[in-house]
Amino acid sequence: MPDAHPFGAASTDNTAERDDALAGAVVRAVEVTGAHAGSVFLLSRDRHSLVLTATSGTPPSLLGGWRRIPVNSPIPVAEAFRSGRTVHLADSDETMRRYPQLAVALPYAFGSASVPVKAGKDTFGAMAVVWGAGLGEHGLSKAQRRQLRATAGRLGASLAELEARGALPECDAETVLEVPVDSAPAVRVGLFDWNLDTGALVADDELCAMFGLAPDEFDGRAATLAARIDPADLPGFRAAARTAAEKGRILAPRLRVRESSGGHHTVELWGRVPDTTADQEARSHLVGTVLDPGAGMAAVAAVERLTDGFLSLDREGYLAYVNHSLERLLDVRRDELLGRRLWDVLPWLADPVYEDRFRAAMITQQPVSFLACRPPGQWLVFCLHPDPQGMTGWATPAGQPVPAEAEPGAPAAGEEPVSRPSARPAPTRLGVLYRVLQLGSALTEAVTVREVCDAVADQLLPAFGGHRLAMYVVQDRSLRLLSQTGYRESFLARFEGTPLHAHLPVTDALTSGAPLFVESPQELSRTYPGLEPESSSAAFLPLIASSRPVGACILGFDTPHRFPTEERSILTALGGLIAQALERARLYDAEFALARGLQNALLPHQLPTLPGVSVTGRYLPGTRGMDIGGDWYDVIPTGRGVALIVGDVEGHNVTAAATMGQLRSAVRAFATAGHRPGDVIARTNQLLLDLDPGLLASCCYVCLHPDAGIAQVVRAGHCPPLLRQPDGRTQVLAVPGGPILGVEPAVTYPESELSLQPGAVLALYTDGLIETRDSDIDVGIDRLRTSLAHSATESLEELADELLREVRRAPNRMDDIALLLTTYAPAPAH
């Protein structure tokens with residue numbers, strides 16, 4: 001809920017309270033799991049994306065295009081948010097197997113765990129931790145996962161309390177809370193107040209610790225501390241005290257403090273006499289600090305003496321230190337390097353492959369090395385050693401010829417190294433590449449035009465912070481609206497049916513082949529008078545595939561938005577990907593319409609009404625692929641009773657549907673001709689072999705005699721039917737069966753006979769109803785039997801809907817489903 005006073009004290013307090021909860025949670029998550037990085041993503045106000053809100057151990061810049069993740073993305077964080085379950089990926093192999101989009105965008109050796117941040121029924125976002133190879137091949141233990149969920153639960157409770165008070169600030173992708181990782185201080189500082197006349201000295205705990213004293217052991221005398229100083233440094237120490245009394249300050253004399261182990265460490269003394277008054281008593285006081293740089297100064301001096309180049313990078317990749325040897329090696333002054341990234345300063349390191357090496361080291365927390373050619377032809381070896389605080393690196397000339405395969409851009413064997421040009425266009429950043437890969441991966445999975453439009457909306461709006469999106473397709477040299485989000489109909493109506501030669505921003509972009517970027521309403525009004533602006537800023541992207549206009553995409557922003565060069569490059573590249581996916585989806589939709597029409601024509605549109613028998617059937621196509629298949633059911637009146645059949649032809653395409661139609665016609669012909677049930681299936685088997693479509697089929701055929709209450713059952717490699725008695729007892733009819741159709745000629749199919757009581761329900765079905773990826777088929781059959789037994793409805797139609805309710809909700813139903821229910825209900829005898 002937005003704060004009523006965004007710039008007031010209440011807003012600041014609420015943000016601070018939320019940030020405190022986030023900081024504590026993300027640090028705790030890293031501690032309990034042993035991971036090196038953690039992050040929290042909270043749901044955006046429009047509920048379309050998860051926004052990176054807090055991070056520890058991983059700088060936001062390293063996440064690049066992952067600051068906003070669409071809620072529907074196939075990404076672990078989004079999956080944890082949607083499902084409410086933990087998504088644990090032990091290593092990169094499991095990540096590639098389960099989440100190829102993530103593996104493509106972050107092709108590094110790391111493991112991760114994502115958990116929802118929720119309280120009760122409300123889910124606020126998700127929390128994720130990342131670790132490198134050092135954590136172990138199995139990832140987090142069950143105890144660590146449990147602690148991670150508990151940490152996320154406590155954060156959810158804190159956010160729920162803020163929301164209940166109307167005090168939960170809206171998250172902003174541009175403002176990410178960075179929580180530093182705890183580490184030992186590189187420099188220790190102690191404070192003191194020293195009376196030079198009396199020798200009394202007040203020292204804080206840190207200063208006592210530097211001199212090897214517990215705070216309660218120090219007697220408040222300067223002589224006690226002086227006794228810890230190396231005797232050789234005592235004269236200098238006394239001289240510094242005299243200088244302070246005379247000149248009012250003391251600057252960095254170095255003293256060696258003896259340690260109980262026999263060694264010593266060096267400290268620096270800084271102090272001054274207060275200037276508040278000129279009386280002698282005030283000038284006798286010296287206040288200041290004792291600085292213990294540890295081994296830092298010695299380490300710097302040692303590194304400066306080395307001939308190899310050494311550097312220190314912070315977590316963002318900015319240079320914090322370079323030694324003189326690296327200056328000479330790179331031929332760049334130190335002041336030009338410090339505070340900047342290597343790939344931003346040196347054109348020959350601006351290739352994204354080198355930035356990728358830094359990113360790989362930070363994410364995996366494993367050392368990396370690479371080769372680079374410094375013009376005019378000197379090859380250098382770089383090695384980077386990371387930890388959560390940053391990384392140390394060194395560089396040295398390559399000691400031998402570099403093989404061609406060693407690094408992109410390296411010369412082939414026997415050739416002279418070719419220098420990289422010192423001036424060239426700005427390279428594409430990794431964030432750009434990852435966004436292109438992310439949308440490209442999503443479009444690869446999109447099959448229909450609707451799925452392409454949904455993928456574009458899910459990816460583009462969160463990634464660029466847009467608020468409106470419209471997709472158009474070219475039909476008969478004019479524009480037709482495919483889908484839109486957030487636009488007023490009056491604005492889009494200007495483009496509907498517009499010929500391509502019209503003078504409008506979307507048609508101009510499409511005919512020119514170049515995107516049009518409008519950064520203000522005034523700019524749009526100047527170029528296109530009379531066109532009322534709908535957005536403060538907009539991008540009009542032409543969708544061109546194979547040099548042919550396919551459609552257009554409009555991305556709108558409610559607030560003024562600038563399109564820098566890098567962002568324009570991204571959107572231009574994405575326009576090409578969208579065009580290819582849209583063209584492919586249109587062809588698919590056309591084929592799908594043909595196949596679905598064929599299938600609908602082959603399935604029965606109305607089942608016959610028969611005395612003593614009530615029947616109902618259902619067919620559900622799969623939700624992936626062509627969405628059609630070879631499952632069918634039929635009810636056939638015969639001279640001997642009524643024939644019930646459910647069958648399944650393998651495959652999900654036009655061929656499977658056509659073969660299903662031929663088998664259905666054959667079964668109907670053989671059944672109405674009066675053949676026995678076993679002969680009907682045997683003749684159908686022979687027909688399938690004669691047709692030779694290269695497909696197999698299974699079926700279950702029941703010949704029901706309503707007058708006698710007898711049913712004859714024949715199975716050909718199919719699931720066993722279920723029978724529910726009038727008292728509710730339900731059993732699996734494990735009747736003997738023959739082989740699947742289309743395998744062996746001249747096969748005899750056994751017939752089984754059973755008696756039906758009035759009110760009994762017989763269920764025939766295909767394996768799509770009972771088979772799941774993570775359970776055995778027998779478990780699925782027993783689950784269906786239990787559902788049939790426990791149903792309280794007396795309506796056959798409602799019963800069919802009940803049995804299909806769960807599978808209807810499945811978003812990725814790989815197989816189609818046929819279900820045929822029959823109730824034996826003979827008329828009462830007079």
# chains A, B, ... in the order shown; residues from 1 in each chain; ligands from 1
$ residues_around --residues "Leu269 in chain A" --least-positions-apart "4" --cutoff "7 Å" --atoms "only C-alpha atoms" --output "PyMOL selection string"
chain A and resi 251-254+289-291
$ write_last_selection --atoms "N, CA, C and O atoms" --output "mmCIF file, in the first residue's frame"
data_model
loop_
_atom_site.group_PDB
_atom_site.id
_atom_site.type_symbol
_atom_site.label_atom_id
_atom_site.label_comp_id
_atom_site.auth_asym_id
_atom_site.auth_seq_id
_atom_site.Cartn_x
_atom_site.Cartn_y
_atom_site.Cartn_z
ATOM 1 N N LEU A 251 51.652 13.302 15.089
ATOM 2 C CA LEU A 251 51.257 12.720 13.816
ATOM 3 C C LEU A 251 52.027 11.438 13.540
ATOM 4 O O LEU A 251 53.221 11.458 13.241
ATOM 5 N N ALA A 252 51.378 10.323 13.695
ATOM 6 C CA ALA A 252 51.785 9.018 13.195
ATOM 7 C C ALA A 252 53.161 8.515 13.547
ATOM 8 O O ALA A 252 53.846 7.948 12.700
ATOM 9 N N PRO A 253 53.629 8.675 14.778
ATOM 10 C CA PRO A 253 54.847 7.912 15.134
ATOM 11 C C PRO A 253 54.489 6.429 15.235
ATOM 12 O O PRO A 253 53.415 6.062 15.715
ATOM 13 N N ARG A 254 55.361 5.571 14.778
ATOM 14 C CA ARG A 254 55.110 4.133 14.780
ATOM 15 C C ARG A 254 55.779 3.490 15.989
ATOM 16 O O ARG A 254 56.964 3.743 16.258
ATOM 17 N N THR A 289 43.880 8.824 18.692
ATOM 18 C CA THR A 289 43.634 7.434 18.327
ATOM 19 C C THR A 289 44.944 6.685 18.209
ATOM 20 O O THR A 289 46.006 7.270 17.936
ATOM 21 N N VAL A 290 44.845 5.400 18.407
ATOM 22 C CA VAL A 290 45.932 4.475 18.092
ATOM 23 C C VAL A 290 45.435 3.591 16.956
ATOM 24 O O VAL A 290 44.372 2.950 17.073
ATOM 25 N N LEU A 291 46.160 3.595 15.881
ATOM 26 C CA LEU A 291 45.758 2.884 14.669
ATOM 27 C C LEU A 291 46.592 1.624 14.512
ATOM 28 O O LEU A 291 47.825 1.694 14.525
#
$ residues_around --residues "Ser83 in chain A" --least-positions-apart "2" --cutoff "12 Å" --atoms "only C-alpha atoms" --output "PyMOL selection string"
chain A and resi 71-72+74-81+85-87+114-118+123+125-126
$ atom_distance --atom1 "CA of Ala37 in chain A" --atom2 "CA of Trp131 in chain A"
6.9 Å
$ residues_around --residues "range 708-716 of chain A" --least-positions-apart "4" --cutoff "8 Å" --atoms "only C-alpha atoms" --output "mmCIF file with C-alpha atoms, in the first residue's frame"
data_model
loop_
_atom_site.group_PDB
_atom_site.id
_atom_site.type_symbol
_atom_site.label_atom_id
_atom_site.label_comp_id
_atom_site.auth_asym_id
_atom_site.auth_seq_id
_atom_site.Cartn_x
_atom_site.Cartn_y
_atom_site.Cartn_z
ATOM 1 C CA PRO A 677 -16.339 -58.540 -28.842
ATOM 2 C CA GLY A 678 -13.093 -60.495 -29.199
ATOM 3 C CA ILE A 681 -10.898 -56.110 -31.614
ATOM 4 C CA SER A 698 -4.765 -49.539 -27.252
ATOM 5 C CA CYS A 699 -8.452 -49.891 -26.409
ATOM 6 C CA CYS A 700 -10.990 -51.315 -23.974
ATOM 7 C CA TYR A 701 -14.207 -52.668 -25.510
ATOM 8 C CA VAL A 702 -17.319 -53.554 -23.511
ATOM 9 C CA CYS A 703 -20.462 -55.157 -24.952
ATOM 10 C CA LEU A 704 -23.314 -54.505 -22.498
ATOM 11 C CA PRO A 720 -8.400 -51.828 -16.762
ATOM 12 C CA VAL A 735 -9.599 -58.769 -16.581
ATOM 13 C CA PRO A 736 -7.122 -60.571 -18.880
ATOM 14 C CA GLY A 737 -6.197 -58.746 -22.070
ATOM 15 C CA GLY A 738 -4.376 -59.137 -25.346
ATOM 16 C CA PRO A 739 -1.463 -57.208 -26.865
ATOM 17 C CA ILE A 740 -1.638 -53.646 -28.035
ATOM 18 C CA LEU A 741 -3.088 -53.076 -31.515
ATOM 19 C CA TYR A 749 -8.280 -61.385 -27.632
ATOM 20 C CA PRO A 750 -9.916 -63.056 -24.597
ATOM 21 C CA GLU A 751 -13.401 -62.062 -23.460
ATOM 22 C CA SER A 752 -14.331 -61.654 -19.791
ATOM 23 C CA GLU A 753 -17.925 -61.643 -18.568
ATOM 24 C CA LEU A 754 -19.303 -59.904 -15.482
ATOM 25 C CA SER A 755 -22.726 -59.243 -13.991
ATOM 26 C CA LEU A 756 -23.954 -55.724 -13.309
ATOM 27 C CA GLN A 757 -26.331 -54.738 -10.543
ATOM 28 C CA PRO A 758 -28.843 -51.943 -11.137
ATOM 29 C CA TYR A 824 -26.741 -49.675 -15.633
#
$ atom_distance --atom1 "CA of Ala669 in chain A" --atom2 "CA of Asp648 in chain A"
18.3 Å
$ residues_around --residues "Ala241 in chain A" --least-positions-apart "6" --cutoff "10 Å" --atoms "only C-alpha atoms" --output "list of chain:residue names"
A:Trp194, A:Leu196, A:Pro235, A:Gly248, A:Arg249, A:Ile250, A:Gly271, A:Leu286
$ write_last_selection --atoms "C-alpha atoms" --output "PDB file, in the first residue's frame"
ATOM      1  CA  TRP A 194      45.913  11.206  28.095  1.00  0.00           C
ATOM      2  CA  LEU A 196      50.427  14.423  30.145  1.00  0.00           C
ATOM      3  CA  PRO A 235      62.535   7.194  23.573  1.00  0.00           C
ATOM      4  CA  GLY A 248      49.485  20.618  20.363  1.00  0.00           C
ATOM      5  CA  ARG A 249      49.493  17.551  18.094  1.00  0.00           C
ATOM      6  CA  ILE A 250      51.243  14.297  17.263  1.00  0.00           C
ATOM      7  CA  GLY A 271      46.536  12.902  18.625  1.00  0.00           C
ATOM      8  CA  LEU A 286      46.128  14.748  24.589  1.00  0.00           C
TER       9      LEU A 286
END
$ residues_around --residues "range 324-340 of chain A" --least-positions-apart "6" --cutoff "8 Å" --atoms "only C-alpha atoms" --output "mmCIF file with all heavy atoms, in the first residue's frame"
data_model
loop_
_atom_site.group_PDB
_atom_site.id
_atom_site.type_symbol
_atom_site.label_atom_id
_atom_site.label_comp_id
_atom_site.auth_asym_id
_atom_site.auth_seq_id
_atom_site.Cartn_x
_atom_site.Cartn_y
_atom_site.Cartn_z
ATOM 1 N N GLU A 304 53.901 -4.040 -3.752
ATOM 2 C CA GLU A 304 54.498 -3.004 -4.596
ATOM 3 C C GLU A 304 55.883 -3.399 -5.080
ATOM 4 O O GLU A 304 56.360 -2.917 -6.103
ATOM 5 C CB GLU A 304 54.566 -1.678 -3.839
ATOM 6 C CG GLU A 304 53.221 -1.006 -3.618
ATOM 7 C CD GLU A 304 52.600 -0.514 -4.916
ATOM 8 O OE1 GLU A 304 53.322 -0.352 -5.913
ATOM 9 O OE2 GLU A 304 51.372 -0.296 -4.933
ATOM 10 N N LEU A 306 56.726 -6.413 -6.062
ATOM 11 C CA LEU A 306 56.663 -7.531 -7.008
ATOM 12 C C LEU A 306 56.649 -7.027 -8.443
ATOM 13 O O LEU A 306 56.183 -5.924 -8.732
ATOM 14 C CB LEU A 306 55.413 -8.372 -6.741
ATOM 15 C CG LEU A 306 55.360 -9.083 -5.377
ATOM 16 C CD1 LEU A 306 54.032 -9.788 -5.201
ATOM 17 C CD2 LEU A 306 56.516 -10.082 -5.249
ATOM 18 N N THR A 307 57.147 -7.869 -9.349
ATOM 19 C CA THR A 307 57.179 -7.496 -10.768
ATOM 20 C C THR A 307 55.872 -7.831 -11.478
ATOM 21 O O THR A 307 55.590 -7.296 -12.543
ATOM 22 C CB THR A 307 58.330 -8.227 -11.478
ATOM 23 O OG1 THR A 307 58.170 -9.643 -11.294
ATOM 24 C CG2 THR A 307 59.666 -7.784 -10.906
ATOM 25 N N ASP A 308 55.049 -8.745 -10.936
ATOM 26 C CA ASP A 308 53.739 -9.038 -11.504
ATOM 27 C C ASP A 308 52.758 -7.940 -11.127
ATOM 28 O O ASP A 308 52.909 -7.267 -10.109
ATOM 29 C CB ASP A 308 53.205 -10.381 -11.002
ATOM 30 C CG ASP A 308 53.937 -11.558 -11.634
ATOM 31 O OD1 ASP A 308 54.546 -11.356 -12.702
ATOM 32 O OD2 ASP A 308 53.902 -12.660 -11.057
ATOM 33 N N GLY A 309 51.733 -7.791 -11.964
ATOM 34 C CA GLY A 309 50.700 -6.815 -11.665
ATOM 35 C C GLY A 309 49.656 -7.386 -10.724
ATOM 36 O O GLY A 309 49.174 -8.506 -10.921
ATOM 37 N N PHE A 310 49.312 -6.644 -9.679
ATOM 38 C CA PHE A 310 48.283 -7.069 -8.723
ATOM 39 C C PHE A 310 47.203 -6.001 -8.640
ATOM 40 O O PHE A 310 47.473 -4.800 -8.773
ATOM 41 C CB PHE A 310 48.898 -7.307 -7.336
ATOM 42 C CG PHE A 310 49.575 -8.637 -7.218
ATOM 43 C CD1 PHE A 310 50.883 -8.801 -7.631
ATOM 44 C CD2 PHE A 310 48.885 -9.734 -6.709
ATOM 45 C CE1 PHE A 310 51.511 -10.028 -7.533
ATOM 46 C CE2 PHE A 310 49.506 -10.962 -6.613
ATOM 47 C CZ PHE A 310 50.821 -11.131 -7.024
ATOM 48 N N LEU A 311 45.970 -6.477 -8.418
ATOM 49 C CA LEU A 311 44.839 -5.568 -8.345
ATOM 50 C C LEU A 311 43.825 -6.088 -7.341
ATOM 51 O O LEU A 311 43.786 -7.287 -7.026
ATOM 52 C CB LEU A 311 44.188 -5.422 -9.718
ATOM 53 C CG LEU A 311 43.701 -6.715 -10.396
ATOM 54 C CD1 LEU A 311 42.193 -6.824 -10.326
ATOM 55 C CD2 LEU A 311 44.159 -6.768 -11.835
ATOM 56 N N GLY A 317 33.098 -4.887 -9.193
ATOM 57 C CA GLY A 317 34.107 -4.935 -10.242
ATOM 58 C C GLY A 317 34.932 -3.680 -10.357
ATOM 59 O O GLY A 317 35.783 -3.572 -11.242
ATOM 60 N N TYR A 318 34.723 -2.699 -9.457
ATOM 61 C CA TYR A 318 35.514 -1.473 -9.487
ATOM 62 C C TYR A 318 36.887 -1.713 -8.850
ATOM 63 O O TYR A 318 37.001 -2.399 -7.839
ATOM 64 C CB TYR A 318 34.788 -0.348 -8.761
ATOM 65 C CG TYR A 318 33.520 0.095 -9.450
ATOM 66 C CD1 TYR A 318 32.274 -0.314 -8.994
ATOM 67 C CD2 TYR A 318 33.580 0.937 -10.564
ATOM 68 C CE1 TYR A 318 31.111 0.082 -9.630
ATOM 69 C CE2 TYR A 318 32.430 1.346 -11.203
ATOM 70 C CZ TYR A 318 31.194 0.919 -10.736
ATOM 71 O OH TYR A 318 30.044 1.307 -11.378
ATOM 72 N N ARG A 374 46.871 -7.267 -25.213
ATOM 73 C CA ARG A 374 47.033 -5.824 -25.113
ATOM 74 C C ARG A 374 47.745 -5.322 -26.354
ATOM 75 O O ARG A 374 48.825 -5.822 -26.693
ATOM 76 C CB ARG A 374 47.865 -5.471 -23.875
ATOM 77 C CG ARG A 374 47.801 -4.000 -23.510
ATOM 78 C CD ARG A 374 49.002 -3.581 -22.697
ATOM 79 N NE ARG A 374 50.180 -3.373 -23.568
ATOM 80 C CZ ARG A 374 51.383 -3.031 -23.115
ATOM 81 N NH1 ARG A 374 51.587 -2.896 -21.823
ATOM 82 N NH2 ARG A 374 52.385 -2.851 -23.952
ATOM 83 N N ALA A 395 48.104 -10.188 -12.836
ATOM 84 C CA ALA A 395 48.291 -10.256 -14.281
ATOM 85 C C ALA A 395 49.780 -10.319 -14.578
ATOM 86 O O ALA A 395 50.590 -9.687 -13.888
ATOM 87 C CB ALA A 395 47.670 -9.042 -14.962
ATOM 88 N N THR A 396 50.113 -11.081 -15.606
ATOM 89 C CA THR A 396 51.515 -11.238 -15.985
ATOM 90 C C THR A 396 51.576 -11.555 -17.467
ATOM 91 O O THR A 396 50.616 -12.100 -18.040
ATOM 92 C CB THR A 396 52.173 -12.364 -15.168
ATOM 93 O OG1 THR A 396 53.578 -12.374 -15.404
ATOM 94 C CG2 THR A 396 51.592 -13.715 -15.537
#
$ select_by_dssp --residues "range 119-324 of chain A" --states "alpha helix (DSSP H)" --output "ChimeraX atom specification"
/A:142-164,205-210,222-226,234-247,280-283,296-304,324
$ atom_distance --atom1 "CA of Ser614 in chain A" --atom2 "CA of Ser795 in chain A"
10.2 Å
$ residues_around --residues "Asp205 in chain A" --least-positions-apart "3" --cutoff "7 Å" --atoms "only C-alpha atoms" --output "count of residues only"
3
$ select_by_dssp --residues "range 194-242 of chain A" --states "strand (DSSP E)" --output "list in words"
Trp194, Asn195, Leu201, Val202 and Ala203 of chain A
$ closest_residue --among "A:Ala398, A:Ala301, A:Gly486, A:Leu443" --to "Glu583 in chain A" --atoms "only C-alpha atoms"
A:Leu443
$ residues_around --residues "Thr498 in chain A" --least-positions-apart "6" --cutoff "9 Å" --atoms "only C-alpha atoms" --output "list in words"
Arg477, Ser478, Leu479, Arg480, Leu504 and Thr507 of chain A
$ closest_residue --among "A:Gly190, A:Gly132, A:Gly556, A:Pro231" --to "Val267 in chain A" --atoms "only C-alpha atoms"
A:Gly190
